[in-house]
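**Q** Below you will find the structure I want to go over with you.
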Amino acid sequence: AGIGVLTWLTFLLSDRPLGCSTAYAKTAGMVESAISRKNTEAMPYYRKVPPAIDWQWMIIIGILIGAFLSASLSGSFTVLVVPPVFAAVFGTDPGVRLLTALLGGILMGMGARWAGGCTSGHGISGTLQLSLASWVAAGCFFIGGILVAGLMYGFAFL
């Protein structure tokens with residue numbers, strides 16, 4: 001219910017769908033702009049989506065704060081460099097975990113840009129609008145996630 005109200009308010013106040021993957025692209029644009037403002041301003045993507053801190057960027061901050069509060073209040077907060085499920089399959093080397101997380105994040109970011117939005121953008125806002133592309137994208141997100149988890153950890157969990 002809360003996400004439904006948030007989605008409705010997002011459309012009402014910003015006339016944009018709820019999602020957060022664009023915030024990562026905007027962050028990359030802010031870093032690029034700090035290095036070479038002229039080149040960043042010349043990029044067609046950043047002319048369409050200006051690199052700036054906005055409400056989508058604040059969603060990321062809210063996700064981090066909310067996750068921390070939830071874990072702290074439930075008493076389950078812990079810092080894990082290598083989670084046990086990952087360690088059982090790939091070992092305890094933090095470098096392997098970091099490289100896997102980095103490559104996974106890059107692929108997720110590329111997929112979100114390629115699909116025109118992230119899982120929350122398509123799965124919540126797009127399906128809410130009965131967008132066929134969003135329903136297909138959301139289905140592909142789930143299928144892809146299941147296949148990758150199966151390849152990484154074995155299909156025994158199915």
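Going by the structure tokens order, chains are called A, B, ..., each with residues numbered from 1, while ligands are numbered from 1 in the order shown.
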Counting only C-alpha atoms, give me one row per residue of range 45-92 of chain A with an atom at most 12 Å from an atom of range 147-150 of chain A, showing the shortest contact pair and its distance in Å to one decimal, sorted by chain then residue number, as a tab-separated table.
**A**
```
residue	atom	partner	partner_atom	distance
A:Val85	CA	A:Ala149	CA	11.3
A:Phe86	CA	A:Ala149	CA	10.8
A:Val89	CA	A:Ala149	CA	11.5
```
**Q** Env of Thr7 in chain A: 12 Å cut, atoms = only C-alpha atoms, seq-sep filter 3 positions within chain, self excluded. Answer as a PyMOL selection string.
**A** chain A and resi 1-4+10-19+120-129
**Q** Write a file of the selected residues as a short mmCIF file (atom, residue, chain, number, x, y, z; two decimals), in the first residue's frame, keeping N, CA, C and O atoms.
**A**
```
data_model
loop_
_atom_site.label_atom_id
_atom_site.label_comp_id
_atom_site.auth_asym_id
_atom_site.auth_seq_id
_atom_site.Cartn_x
_atom_site.Cartn_y
_atom_site.Cartn_z
N ALA A 1 0.83 -1.19 0.00
CA ALA A 1 0.00 0.00 0.00
C ALA A 1 0.88 1.26 0.00
O ALA A 1 0.58 2.22 -0.70
N GLY A 2 1.96 1.21 0.77
CA GLY A 2 2.85 2.37 0.85
C GLY A 2 3.51 2.68 -0.48
O GLY A 2 3.61 3.84 -0.88
N ILE A 3 3.95 1.63 -1.17
CA ILE A 3 4.57 1.85 -2.48
C ILE A 3 3.54 2.36 -3.48
O ILE A 3 3.84 3.21 -4.32
N GLY A 4 2.31 1.86 -3.38
CA GLY A 4 1.24 2.36 -4.26
C GLY A 4 0.99 3.84 -4.05
O GLY A 4 0.87 4.60 -5.02
N THR A 10 4.37 10.26 -6.71
CA THR A 10 5.46 10.54 -7.65
C THR A 10 4.91 11.05 -8.97
O THR A 10 5.39 12.04 -9.52
N PHE A 11 3.88 10.39 -9.48
CA PHE A 11 3.25 10.86 -10.72
C PHE A 11 2.60 12.22 -10.53
O PHE A 11 2.70 13.10 -11.38
N LEU A 12 1.93 12.40 -9.41
CA LEU A 12 1.24 13.64 -9.14
C LEU A 12 2.21 14.82 -9.05
O LEU A 12 1.99 15.87 -9.65
N LEU A 13 3.29 14.65 -8.31
CA LEU A 13 4.19 15.77 -8.03
C LEU A 13 5.29 15.98 -9.06
O LEU A 13 5.77 17.09 -9.23
N SER A 14 5.70 14.91 -9.75
CA SER A 14 6.81 15.08 -10.70
C SER A 14 6.48 14.66 -12.12
O SER A 14 7.29 14.86 -13.01
N ASP A 15 5.33 14.06 -12.32
CA ASP A 15 4.92 13.57 -13.63
C ASP A 15 5.96 12.60 -14.21
O ASP A 15 6.23 12.60 -15.40
N ARG A 16 6.57 11.83 -13.32
CA ARG A 16 7.56 10.82 -13.72
C ARG A 16 7.31 9.54 -12.95
O ARG A 16 6.81 9.58 -11.83
N PRO A 17 7.68 8.40 -13.51
CA PRO A 17 7.50 7.13 -12.80
C PRO A 17 8.50 6.97 -11.66
O PRO A 17 9.58 7.57 -11.68
N LEU A 18 8.14 6.15 -10.70
CA LEU A 18 9.02 5.83 -9.58
C LEU A 18 10.11 4.90 -10.07
O LEU A 18 9.85 3.92 -10.76
N GLY A 19 11.34 5.20 -9.75
CA GLY A 19 12.48 4.39 -10.13
C GLY A 19 13.75 5.05 -9.63
O GLY A 19 13.73 6.23 -9.29
N SER A 120 12.32 -1.43 -10.23
CA SER A 120 11.26 -0.65 -9.58
C SER A 120 10.53 0.22 -10.59
O SER A 120 9.31 0.39 -10.52
N GLY A 121 11.27 0.77 -11.54
CA GLY A 121 10.63 1.61 -12.56
C GLY A 121 9.65 0.83 -13.40
O GLY A 121 8.51 1.26 -13.63
N HIS A 122 10.07 -0.32 -13.89
CA HIS A 122 9.19 -1.15 -14.71
C HIS A 122 8.20 -1.94 -13.87
O HIS A 122 7.01 -1.98 -14.14
N GLY A 123 8.74 -2.62 -12.84
CA GLY A 123 7.93 -3.52 -12.04
C GLY A 123 6.84 -2.84 -11.24
O GLY A 123 5.78 -3.40 -11.01
N ILE A 124 7.07 -1.61 -10.82
CA ILE A 124 6.07 -0.90 -10.02
C ILE A 124 5.32 0.10 -10.90
O ILE A 124 4.12 -0.02 -11.10
N SER A 125 6.04 1.08 -11.42
CA SER A 125 5.37 2.16 -12.15
C SER A 125 4.85 1.73 -13.51
O SER A 125 3.74 2.07 -13.89
N GLY A 126 5.67 0.96 -14.25
CA GLY A 126 5.25 0.56 -15.59
C GLY A 126 4.09 -0.40 -15.60
O GLY A 126 3.13 -0.25 -16.37
N THR A 127 4.15 -1.42 -14.74
CA THR A 127 3.05 -2.38 -14.70
C THR A 127 1.78 -1.72 -14.16
O THR A 127 0.68 -2.07 -14.58
N LEU A 128 1.96 -0.76 -13.27
CA LEU A 128 0.82 0.00 -12.75
C LEU A 128 0.07 0.71 -13.88
O LEU A 128 -1.15 0.84 -13.85
N GLN A 129 0.83 1.14 -14.90
CA GLN A 129 0.23 1.82 -16.05
C GLN A 129 -0.17 0.85 -17.14
O GLN A 129 -0.57 1.25 -18.23
#
```
**Q** Please measure the separation of CA of Val81 in chain A and CA of Val96 in chain A, giving the value in Å to one decimal.
**A** 10.7 Å
**Q** Would you compute the distance between CA of Gly62 in chain A and CA of Thr22 in chain A? Give it in Å to one decimal.
**A**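 Here the two named atoms are 15.2 Å from each other.
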**Q** With a distance cut-off of 12 Å and only C-alpha atoms, select the neighbouring residues of Arg47 in chain A, excluding the residue or stretch itself and same-chain residues fewer than 5 positions from it, and output the selection as a list in words.
**A**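 Contacts, with the query itself left out: Lys26, Gly29, Lys38, Asn39, Thr40, Glu41, Ala42 and Ala52 of chain A.
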**Q** Report, in Å to a single decimal, how far apart CA of Thr119 in chain A and CA of Phe141 in chain A are.
**A**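 CA of Thr119 in chain A lies at a distance of 7.0 Å from CA of Phe141 in chain A.
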**Q** Could you go through chain A and tell me which residues DSSP, when run on the backbone, assigns to alpha helix (DSSP H), listing them as a VMD selection string?
**A** chain A and resid 2 to 14 21 to 35 37 to 42 44 to 48 55 to 74 84 to 90 94 to 115 119 to 120 127 to 128 132 to 153
**Q** As a ChimeraX atom specification, please: the residues near range 30-37 of chain A (cut-off 10 Å, only C-alpha atoms, same-chain neighbours under 6 positions excluded).
**A** /A:24,46,50-53
**Q** Just checking: using only C-alpha atoms, which residue out of A:Pro94, A:Ala101, A:Phe68, A:Gly111 ends up closest to Ala138 in chain A?
**A**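 Closest to Ala138 in chain A, using only C-alpha atoms: A:Gly111.
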